[in-house]
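Heads up, upload_2.cif below (mmCIF, C-alpha atoms):
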data_work
loop_
_atom_site.label_atom_id
_atom_site.label_comp_id
_atom_site.auth_asym_id
_atom_site.auth_seq_id
_atom_site.Cartn_x
_atom_site.Cartn_y
_atom_site.Cartn_z
CA MET R 1496 96.31 113.26 116.01
CA PRO R 1497 95.60 116.24 118.26
CA GLN R 1498 98.27 118.84 118.79
CA LYS R 1499 100.65 118.33 121.69
CA ALA R 1500 98.51 118.29 124.81
CA THR R 1501 98.98 121.45 126.85
CA LEU R 1502 97.74 121.01 130.40
CA ASN R 1503 97.01 123.96 132.63
CA ILE R 1504 97.70 121.69 135.56
CA LYS R 1505 101.21 120.70 136.63
CA PRO R 1506 101.12 116.92 137.28
CA LYS R 1507 104.11 116.99 139.60
CA GLN R 1508 102.63 119.73 141.77
CA VAL R 1509 99.25 117.97 141.92
CA THR R 1510 100.74 114.64 143.02
CA LYS R 1511 102.94 116.38 145.59
CA ARG R 1512 99.85 117.87 147.23
CA LEU R 1513 97.98 114.56 147.06
CA ILE R 1514 100.66 112.33 148.59
CA SER R 1515 101.32 114.86 151.36
CA VAL R 1516 98.30 113.42 153.20
CA LEU R 1517 100.10 110.08 153.67
CA PRO R 1518 102.35 108.93 156.53
CA GLU R 1519 106.05 108.96 155.69
CA ARG R 1520 106.50 105.25 154.90
CA ALA R 1521 103.27 105.03 152.90
CA ARG R 1522 104.29 108.14 150.96
CA ASP R 1523 107.68 106.64 150.20
CA VAL R 1524 106.09 103.39 149.00
CA ILE R 1525 103.86 105.33 146.59
CA ILE R 1526 106.79 107.44 145.38
CA LYS R 1527 108.89 104.35 144.68
CA ARG R 1528 106.01 102.31 143.26
CA TYR R 1529 105.05 104.97 140.70
CA GLY R 1530 108.47 106.49 140.00
CA LEU R 1531 107.48 109.89 141.39
CA ASP R 1532 111.07 110.65 142.41
CA GLY R 1533 112.31 110.54 138.82
CA ASP R 1534 113.70 107.02 139.15
CA ASP R 1535 112.29 103.88 137.54
CA LYS R 1536 109.16 102.38 139.08
CA MET R 1537 110.02 99.74 141.67
CA THR R 1538 108.40 96.32 141.99
CA LEU R 1539 106.57 95.17 145.09
CA GLU R 1540 109.44 92.80 145.81
CA ALA R 1541 112.09 95.53 145.58
CA ILE R 1542 110.17 97.84 147.89
CA GLY R 1543 109.57 94.98 150.29
CA ALA R 1544 113.28 94.25 150.39
CA LYS R 1545 114.00 97.86 151.29
CA TYR R 1546 111.61 97.83 154.24
CA LYS R 1547 112.15 94.16 155.09
CA ILE R 1548 108.45 93.38 154.63
CA THR R 1549 106.62 90.98 152.34
CA ARG R 1550 105.45 91.70 148.83
CA GLU R 1551 101.86 91.29 150.02
CA ARG R 1552 102.38 93.85 152.79
CA VAL R 1553 103.68 96.38 150.25
CA ARG R 1554 100.62 95.73 148.10
CA GLN R 1555 98.38 96.38 151.13
CA ILE R 1556 100.17 99.64 151.89
CA GLU R 1557 99.78 100.74 148.27
CA LYS R 1558 96.07 99.92 148.26
CA TYR R 1559 95.55 101.64 151.62
CA SER R 1560 97.45 104.73 150.45
CA LEU R 1561 95.48 105.14 147.22
CA ALA R 1562 92.17 104.76 149.07
CA ASN R 1563 93.16 107.33 151.67
CA ILE R 1564 94.22 109.86 149.07
CA VAL R 1565 90.86 109.51 147.28
CA LYS R 1566 88.99 110.06 150.58
CA SER R 1567 91.04 113.10 151.53
CA ASP R 1568 90.13 116.79 151.29
CA ALA R 1569 93.26 117.25 149.17
CA TYR R 1570 91.73 114.99 146.53
CA LYS R 1571 88.50 117.01 146.45
CA LYS R 1572 90.51 120.20 145.94
CA GLU R 1573 92.09 118.71 142.79
CA LYS R 1574 88.74 118.22 141.06
CA ASP R 1575 89.69 120.64 138.25
CA ALA R 1576 92.93 118.77 137.61
CA PHE R 1577 91.13 115.46 137.13
CA SER R 1578 88.44 117.11 134.99
CA GLU R 1579 91.11 118.53 132.69
CA LEU R 1580 92.73 115.12 132.29
CA GLU R 1581 89.30 113.63 131.52
CA ASP R 1582 88.60 116.27 128.87
CA THR R 1583 92.01 115.58 127.34
CA MET R 1584 91.28 111.87 127.14
CA LYS R 1585 87.92 112.61 125.50
CA SER R 1586 89.76 114.61 122.83
CA PHE R 1587 91.78 111.45 122.14
CA GLY R 1588 88.61 109.44 121.54
CA GLY R 1589 87.78 108.26 125.03
CA ILE R 1590 90.06 105.23 124.77
CA VAL R 1591 93.74 105.49 124.00
CA PRO R 1592 96.96 103.44 124.23
CA GLU R 1593 98.68 104.29 127.50
CA VAL R 1594 102.01 104.99 125.80
CA ASP R 1595 100.43 107.35 123.27
CA PHE R 1596 98.50 109.31 125.88
CA LEU R 1597 101.46 109.81 128.21
CA ASP R 1598 103.72 110.65 125.30
CA PHE R 1599 101.36 113.39 124.15
CA ILE R 1600 101.12 114.83 127.64
CA SER R 1601 104.90 115.11 127.91
CA LYS R 1602 108.10 113.63 126.55
CA ASP R 1603 109.55 113.89 130.06
CA LYS R 1604 109.49 110.42 131.65
CA SER R 1605 109.13 111.90 135.13
CA VAL R 1606 106.06 113.96 134.11
CA GLN R 1607 104.65 110.84 132.46
CA ASN R 1608 105.00 108.92 135.74
CA HIS R 1609 103.16 111.64 137.66
CA THR R 1610 100.41 111.74 135.01
CA HIS R 1611 100.08 107.96 135.17
CA PHE R 1612 99.67 108.20 138.95
CA LEU R 1613 96.83 110.71 138.47
CA LEU R 1614 95.14 108.33 136.03
CA VAL R 1615 95.36 105.57 138.63
CA LEU R 1616 93.75 107.85 141.21
CA GLY R 1617 91.13 109.43 138.96
CA GLN R 1618 87.74 107.78 139.39
CA ALA R 1619 86.74 108.57 135.79
CA PHE R 1620 89.63 106.57 134.34
CA LYS R 1621 89.67 102.84 133.73
CA LYS R 1622 92.52 100.67 132.51
CA ARG R 1623 92.65 97.44 130.58
CA LYS R 1624 95.93 95.61 130.66
CA GLU R 1625 97.81 94.45 127.61
CA ASP R 1626 96.64 91.13 126.17
CA ASP R 1627 97.17 89.11 122.99
CA HIS R 1628 95.15 91.57 120.91
CA PHE R 1629 95.54 95.00 122.49
CA GLU R 1630 98.07 97.32 124.11
CA HIS R 1631 97.68 98.75 127.61
CA ARG R 1632 94.85 101.27 127.27
CA TRP R 1633 92.93 103.81 129.30
CA TYR R 1634 89.29 104.59 128.67
CA LEU R 1635 86.30 106.41 130.10
CA ASP R 1636 83.22 104.40 129.06
CA ASP R 1637 82.86 100.59 129.18
CA ALA R 1638 80.31 100.41 126.37
CA VAL R 1639 82.36 102.56 123.99
CA ALA R 1640 85.53 100.60 124.76
CA LYS R 1641 83.78 97.28 124.07
CA LYS R 1642 82.35 98.49 120.74
CA ILE R 1643 85.75 99.66 119.60
CA GLU R 1644 87.53 96.47 120.62
CA ASP R 1645 84.85 94.29 119.02
CA SER R 1646 85.11 96.32 115.81
CA LEU R 1647 88.89 95.97 115.79
CA HIS R 1648 88.54 92.19 116.16
CA LYS R 1649 86.24 92.10 113.11
CA LEU R 1650 88.54 94.38 111.13
CA TYR R 1651 91.49 92.07 111.77
CA GLU R 1652 89.53 88.90 111.00
CA ASN R 1653 88.71 90.25 107.54
CA LEU R 1654 92.37 90.80 106.64
CA SER R 1655 94.20 88.22 104.57
CA ASP R 1656 97.67 87.16 105.74
CA ASP R 1657 99.47 89.34 103.20
CA ALA R 1658 96.94 92.18 102.95
CA LEU R 1659 98.18 95.72 102.37
CA ILE R 1660 95.38 98.25 102.64
CA PRO R 1661 95.72 102.01 102.05
CA GLU R 1662 94.99 103.90 105.25
CA SER R 1663 91.91 105.64 103.83
CA GLU R 1664 90.37 102.27 102.90
CA MET R 1665 91.29 100.82 106.29
CA ILE R 1666 89.54 103.68 108.06
CA ALA R 1667 86.46 103.24 105.85
CA SER R 1668 86.34 99.51 106.67
CA PHE R 1669 86.73 100.24 110.37
CA MET R 1670 83.83 102.68 110.18
CA ASP R 1671 81.66 99.96 108.63
CA HIS R 1672 82.19 97.85 111.75
CA LEU R 1673 81.56 100.66 114.23
CA LYS R 1674 77.94 101.02 115.26
CA ASP R 1675 76.27 103.65 117.45
CA ILE R 1676 79.49 105.58 118.04
CA SER R 1677 79.12 109.30 118.66
CA ASP R 1678 79.76 111.51 115.64
CA ASP R 1679 82.19 113.42 117.84
CA TYR R 1680 84.56 110.48 117.54
CA LYS R 1681 84.21 109.91 113.79
CA GLU R 1682 87.38 111.73 112.86
CA ASP R 1683 90.25 110.13 110.97
CA GLU R 1684 92.83 110.95 113.62
CA ILE R 1685 90.74 109.39 116.38
CA LEU R 1686 89.96 106.34 114.27
CA LYS R 1687 93.65 105.85 113.47
CA ARG R 1688 94.48 106.08 117.16
CA TRP R 1689 91.85 103.47 117.94
CA MET R 1690 93.35 101.19 115.29
CA SER R 1691 96.75 101.61 116.96
CA LEU R 1692 95.29 99.84 120.02
CA SER R 1693 95.54 96.58 118.09
CA LYS R 1694 98.65 94.44 118.42
CA LYS R 1695 97.49 92.31 115.48
CA MET R 1696 97.39 95.09 112.88
CA GLY R 1697 99.96 97.70 111.96
CA LYS R 1698 101.05 100.27 109.43
CA ASN R 1699 104.19 100.09 107.32
CA PRO R 1700 106.36 103.14 106.51
CA LEU R 1701 104.37 103.71 103.31
CA GLY R 1702 101.14 104.18 105.27
CA GLU R 1703 99.58 100.83 104.32
CA TRP R 1704 97.88 98.61 106.90
CA GLY R 1705 97.93 94.86 107.32
CA PRO R 1706 98.65 92.06 109.83
CA VAL R 1707 101.79 92.76 111.87
CA SER R 1708 102.82 89.16 111.24
CA SER R 1709 103.28 90.01 107.55
CA SER R 1710 106.64 91.06 106.15
CA ASN R 1711 104.66 93.65 104.18
CA VAL R 1712 104.06 95.49 107.46
CA LYS R 1713 107.12 94.53 109.50
CA ALA R 1714 109.77 94.55 106.78
CA LYS R 1715 112.87 92.66 107.96
CA GLY R 1716 115.36 92.93 105.13
CA ILE R 1717 116.26 94.24 101.68
CA ARG R 1718 113.88 91.83 99.94
CA ASP R 1719 110.89 93.04 101.94
CA TYR R 1720 111.83 96.69 101.43
CA ALA R 1721 112.30 96.07 97.70
CA TYR R 1722 108.86 94.49 97.47
CA LEU R 1723 107.23 97.52 99.08
CA VAL R 1724 109.17 99.94 96.87
CA ILE R 1725 108.29 98.20 93.59
CA ARG R 1726 104.70 97.69 94.67
CA GLN R 1727 104.32 101.38 95.44
CA HIS R 1728 105.97 102.31 92.12
CA GLY R 1729 103.38 100.22 90.29
CA SER R 1730 105.58 99.19 87.37
CA PRO R 1731 108.94 97.45 86.79
CA MET R 1732 112.02 99.14 88.25
CA HIS R 1733 115.74 98.84 87.65
CA PHE R 1734 117.56 97.30 90.60
CA ARG R 1735 119.69 100.46 90.97
CA GLU R 1736 116.55 102.56 91.34
CA VAL R 1737 115.15 100.06 93.83
CA ALA R 1738 118.28 100.38 95.99
CA GLU R 1739 118.09 104.19 95.86
CA LYS R 1740 114.42 104.20 96.87
CA ILE R 1741 115.04 101.85 99.78
CA SER R 1742 117.65 104.26 101.13
CA GLU R 1743 115.41 107.25 100.51
CA ILE R 1744 112.12 105.91 101.89
CA PHE R 1745 113.26 103.61 104.68
CA ASP R 1746 116.52 105.33 105.61
CA ARG R 1747 118.26 101.98 105.25
CA GLU R 1748 121.61 101.51 103.54
CA ALA R 1749 121.02 99.41 100.44
CA HIS R 1750 124.04 98.50 98.33
CA VAL R 1751 123.19 98.12 94.65
CA ALA R 1752 124.91 94.74 94.28
CA THR R 1753 123.28 93.37 97.43
CA CYS R 1754 119.88 94.59 96.29
CA HIS R 1755 120.32 92.93 92.90
CA ASN R 1756 121.32 89.62 94.48
CA GLU R 1757 118.28 89.65 96.77
CA LEU R 1758 115.93 90.35 93.86
CA ILE R 1759 117.39 87.41 91.93
CA LYS R 1760 116.85 85.01 94.84
CA ASP R 1761 113.27 85.94 95.73
CA PRO R 1762 110.38 84.42 93.70
CA ARG R 1763 108.29 87.54 94.37
CA PHE R 1764 110.36 89.32 91.72
CA ILE R 1765 110.55 88.61 87.99
CA LEU R 1766 113.29 89.87 85.67
CA VAL R 1767 111.44 91.50 82.78
CA GLY R 1768 114.24 93.38 81.05
CA ARG R 1769 117.87 94.36 81.50
CA GLY R 1770 118.08 94.93 85.23
CA LEU R 1771 114.32 95.56 85.36
CA TYR R 1772 112.25 93.72 87.94
CA ALA R 1773 108.48 93.38 88.29
CA LEU R 1774 106.34 91.60 90.86
CA ALA R 1775 105.26 88.06 90.09
CA GLU R 1776 101.81 88.91 91.48
CA TRP R 1777 101.33 91.27 88.53
CA GLY R 1778 101.12 88.26 86.26
CA TYR R 1779 104.66 88.21 84.91
CA LYS R 1780 106.17 84.79 84.27
CA THR R 1781 109.69 83.51 84.76
CA GLY R 1782 111.85 82.47 81.83
CA ILE R 1783 113.68 83.99 78.87
CA VAL R 1784 111.94 85.79 75.99
CA LYS R 1785 111.69 82.56 74.01
CA ASP R 1786 109.83 80.91 76.90
CA VAL R 1787 107.44 83.83 77.09
CA ILE R 1788 106.67 83.60 73.36
CA ARG R 1789 106.08 79.86 73.64
CA ASP R 1790 103.75 80.26 76.66
CA ILE R 1791 101.74 82.95 74.86
CA MET R 1792 101.31 80.82 71.75
CA LYS R 1793 100.28 77.76 73.75
CA LYS R 1794 97.77 79.81 75.69
CA GLU R 1795 96.25 81.23 72.51
CA SER R 1796 96.11 77.77 70.87
CA LYS R 1797 96.41 79.31 67.43
CA SER R 1798 98.96 80.92 65.16
CA LEU R 1799 99.65 84.60 65.73
CA SER R 1800 100.84 87.44 63.54
CA LYS R 1801 104.19 89.07 64.18
CA GLN R 1802 102.53 92.18 65.62
CA GLU R 1803 100.22 90.17 67.87
CA ILE R 1804 103.22 88.34 69.31
CA ILE R 1805 105.18 91.56 69.84
CA ASP R 1806 102.25 93.26 71.58
CA LYS R 1807 101.62 90.33 73.90
CA VAL R 1808 105.29 89.79 74.78
CA LEU R 1809 105.75 93.48 75.57
CA LYS R 1810 103.09 93.09 78.24
CA GLU R 1811 105.29 90.46 79.85
CA ARG R 1812 108.81 91.77 79.17
CA TYR R 1813 110.52 95.13 78.80
CA VAL R 1814 112.51 94.25 75.65
CA LYS R 1815 112.98 95.68 72.21
CA PRO R 1816 110.70 94.37 69.40
CA ASN R 1817 113.83 93.27 67.51
CA THR R 1818 114.75 90.99 70.41
CA ILE R 1819 111.36 89.31 70.06
CA MET R 1820 111.83 88.87 66.30
CA VAL R 1821 115.29 87.37 66.77
CA ASN R 1822 113.80 84.75 69.11
CA LEU R 1823 111.01 84.00 66.62
CA GLN R 1824 113.65 83.00 64.08
CA ASP R 1825 114.50 79.94 66.17
CA SER R 1826 113.29 77.26 63.78
CA LYS R 1827 113.55 74.57 66.45
CA SER R 1828 110.93 76.30 68.56
CA PHE R 1829 108.68 78.22 66.15
CA LYS R 1830 107.25 77.72 62.71
CA ARG R 1831 106.46 80.48 60.23
CA GLU R 1832 103.27 79.66 58.36
CA LYS R 1833 102.66 80.48 54.65
CA ASP R 1834 100.45 83.40 55.63
CA GLY R 1835 103.29 84.91 57.68
CA ARG R 1836 101.82 83.95 61.05
CA TYR R 1837 103.73 82.01 63.68
CA SER R 1838 102.98 78.89 65.71
CA VAL R 1839 104.80 76.68 68.20
CA LYS R 1840 106.71 73.87 66.58
CA ARG R 1841 105.47 70.51 67.84
#
Full structure transcribed into structure tokens:
Amino acid sequence: MPQKATLNIKPKQVTKRLISVLPERARDVIIKRYGLDGDDKMTLEAIGAKYKITRERVRQIEKYSLANIVKSDAYKKEKDAFSELEDTMKSFGGIVPEVDFLDFISKDKSVQNHTHFLLVLGQAFKKRKEDDHFEHRWYLDDAVAKKIEDSLHKLYENLSDDALIPESEMIASFMDHLKDISDDYKEDEILKRWMSLSKKMGKNPLGEWGPVSSSNVKAKGIRDYAYLVIRQHGSPMHFREVAEKISEIFDREAHVATCHNELIKDPRFILVGRGLYALAEWGYKTGIVKDVIRDIMKKESKSLSKQEIIDKVLKERYVKPNTIMVNLQDSKSFKREKDGRYSVKR
């Protein structure tokens, strides 16, 4: 993302000069409607109640006031202010979530309200309201906005329900969908900001993207956090280590005992050794060591040597070779052939 936006203009001073062209009541309506006095923005109904007029009358006053400001000499004198805001929006990619843009202009809510008022007045700026797919956003060019939104739709449609995509791959996929976009906008920070327009896709704390409906993106409890931790680790982890990582990465208190209990209950996790858990999606199977040996032998459909069995079991369980040999001695389950190989007892 760009550095904190530093405007040469002072939004509050600009709006003060602009609204000075209005009659007193109209000026007060605009101040209340857009929160230019530092208070929260007021609804049409609330303003109407104050002046004992209808909601529709307040709306007419607002519309009249905005139009008169735009036609005024004061507006023409603020050309540089609007040009600077336009250049700032271009640096953000030409289309940007409203919240992000205002937040980068200033953390001060009052300054944000004044900046928002200037966006409403500025003839270069266009707004699309929040819908099922996108956040409130401001943009400069209709064609560019449409291409970006269409590309985001396609990007989302290609995601599986439980997809988790590294950010670099997500950006590359997004680029594949974008056509005829200026090279000036083909920067990772701008592309990531465009992706943040979507309400259907999101990024988890590990920087991986997927559908926001997925617990992999919007983790809701210890189980979900544990899944992300073990997945990132890439190999089995002890439940104590899982609890520590949850606290470290997600800044969430994770008691060791609670973490262990959640791992036991969730079929996404498989116990593969003493306190060691792996993900079921990695191919690990449930069951004790004896069950693993039996499944391996049935899958191979032939007798196996001691070393073959040990090697294959160790891919499924983090246990000592001696533990495997002890289980092989179970004469009710396994048979030792004359050549020293082992098979499942029928």
Could you list, as a CSV table (one decimal) with C-alpha atoms, in the frame of the given file, every residue within 10 Å of Lys1801 (chain R), counting all atoms listed in the file and ignoring same-chain residues fewer than 6 positions away?
chain,number,residue,atom,x,y,z
R,1816,PRO,CA,110.7,94.4,69.4
R,1819,ILE,CA,111.4,89.3,70.1
R,1820,MET,CA,111.8,88.9,66.3
R,1823,LEU,CA,111.0,84.0,66.6
R,1831,ARG,CA,106.5,80.5,60.2
R,1835,GLY,CA,103.3,84.9,57.7
R,1836,ARG,CA,101.8,84.0,61.0
R,1837,TYR,CA,103.7,82.0,63.7
Write out as AutoDock Vina command-line options an axis-aligned box for region 1635-1654 of chain R: all of its atoms listed in the file, 3 Å added on each side, centre and edge lengths in Å with one decimal.
--center_x 86.3 --center_y 97.7 --center_z 118.4 --size_x 18.1 --size_y 23.5 --size_z 29.5
Around the point (110.0, 97.4, 105.6), in the coordinates given by the file, pick out the residues reaching within 6 Å, counting all atoms listed in the file, and return them as a ChimeraX atom specification.
/R:1713-1714,1719-1720
Same residues, C-alpha atoms, saved as a short mmCIF file (atom, residue, chain, number, x, y, z; two decimals), in the frame of the given file:
data_model
loop_
_atom_site.label_atom_id
_atom_site.label_comp_id
_atom_site.auth_asym_id
_atom_site.auth_seq_id
_atom_site.Cartn_x
_atom_site.Cartn_y
_atom_site.Cartn_z
CA LYS R 1713 107.12 94.53 109.50
CA ALA R 1714 109.77 94.55 106.78
CA ASP R 1719 110.89 93.04 101.94
CA TYR R 1720 111.83 96.69 101.43
#
Provide the CA of His1631 (chain R) to CA of Ser1709 (chain R) distance in Å, to one decimal place.
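So the answer is 22.6 Å.
In this comparison, which uses all atoms listed in the file, the residue of R:Gly1697, R:Gly1533, R:Gly1716, R:Pro1762 approaching Gln1607 (chain R) most closely is R:Gly1533.
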I need the residue nearest Lys1674 (chain R) from this list: R:Val1591, R:Val1606, R:Ile1514, R:Val1639. Use all atoms listed in the file for the distance.
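Answer, going by the shortest atom-to-atom distance: R:Val1639.
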Coordinates-based distance that separates CA of Leu1635 (chain R) from CA of Asp1532 (chain R) (Å, one decimal)
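Atom-to-atom, CA of Asp1532 (chain R) to CA of Leu1635 (chain R), that is 28.0 Å.
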For Thr1753 (chain R), work out the shell of residues within 12 Å, counting all atoms listed in the file and skipping chain neighbours fewer than 4 positions away, then give it as a JSON list (two decimals) with C-alpha atoms, keeping the file's coordinate frame.
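This is the output file part_27.json:
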[["chain", "number", "residue", "atom", "x", "y", "z"],
["R", 1716, "GLY", "CA", 115.36, 92.93, 105.13],
["R", 1717, "ILE", "CA", 116.26, 94.24, 101.68],
["R", 1718, "ARG", "CA", 113.88, 91.83, 99.94],
["R", 1721, "ALA", "CA", 112.30, 96.07, 97.70],
["R", 1734, "PHE", "CA", 117.56, 97.30, 90.60],
["R", 1735, "ARG", "CA", 119.69, 100.46, 90.97],
["R", 1737, "VAL", "CA", 115.15, 100.06, 93.83],
["R", 1738, "ALA", "CA", 118.28, 100.38, 95.99],
["R", 1748, "GLU", "CA", 121.61, 101.51, 103.54],
["R", 1749, "ALA", "CA", 121.02, 99.41, 100.44],
["R", 1757, "GLU", "CA", 118.28, 89.65, 96.77],
["R", 1758, "LEU", "CA", 115.93, 90.35, 93.86],
["R", 1759, "ILE", "CA", 117.39, 87.41, 91.93],
["R", 1760, "LYS", "CA", 116.85, 85.01, 94.84]]
As an exercise, work out the distance from CA of Glu1573 (chain R) to CA of Ala1638 (chain R) in Å and give it to one decimal place.
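Distance between the two atoms: 27.3 Å.
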Can you tell me, as a PyMOL selection string, what residues are no more than 12 Å from region 1647-1661 of chain R when counting only C-alpha atoms, ignoring any on the same chain fewer than 3 positions away?
chain R and resi 1627-1629+1640-1644+1664-1673+1686-1713+1722-1723+1726-1727+1776
Enumerate, as a compact mmCIF listing (two decimals) with C-alpha atoms, in the coordinates of the input, the residues matched when the PyMOL selection byres ((chain R and resi 1588) around 9) is run on the file above.
# COMPACT_ATOMS: atom_id res chain seq x y z
CA MET R 1584 91.28 111.87 127.14
CA LYS R 1585 87.92 112.61 125.50
CA SER R 1586 89.76 114.61 122.83
CA PHE R 1587 91.78 111.45 122.14
CA GLY R 1589 87.78 108.26 125.03
CA ILE R 1590 90.06 105.23 124.77
CA VAL R 1591 93.74 105.49 124.00
CA TYR R 1634 89.29 104.59 128.67
CA ASP R 1679 82.19 113.42 117.84
CA TYR R 1680 84.56 110.48 117.54
CA LYS R 1681 84.21 109.91 113.79
CA ILE R 1685 90.74 109.39 116.38
CA LEU R 1686 89.96 106.34 114.27
CA ARG R 1688 94.48 106.08 117.16
CA TRP R 1689 91.85 103.47 117.94
Please provide the set of residues having any atom within 12 Å of Lys1511 (chain R), restricted to all atoms listed in the file, with same-chain residues fewer than 5 positions apart removed, written as a ChimeraX atom specification.
/R:1505-1506,1516-1517,1522-1523,1525-1526,1531-1532,1564,1569-1570,1573,1609-1610,1612-1613
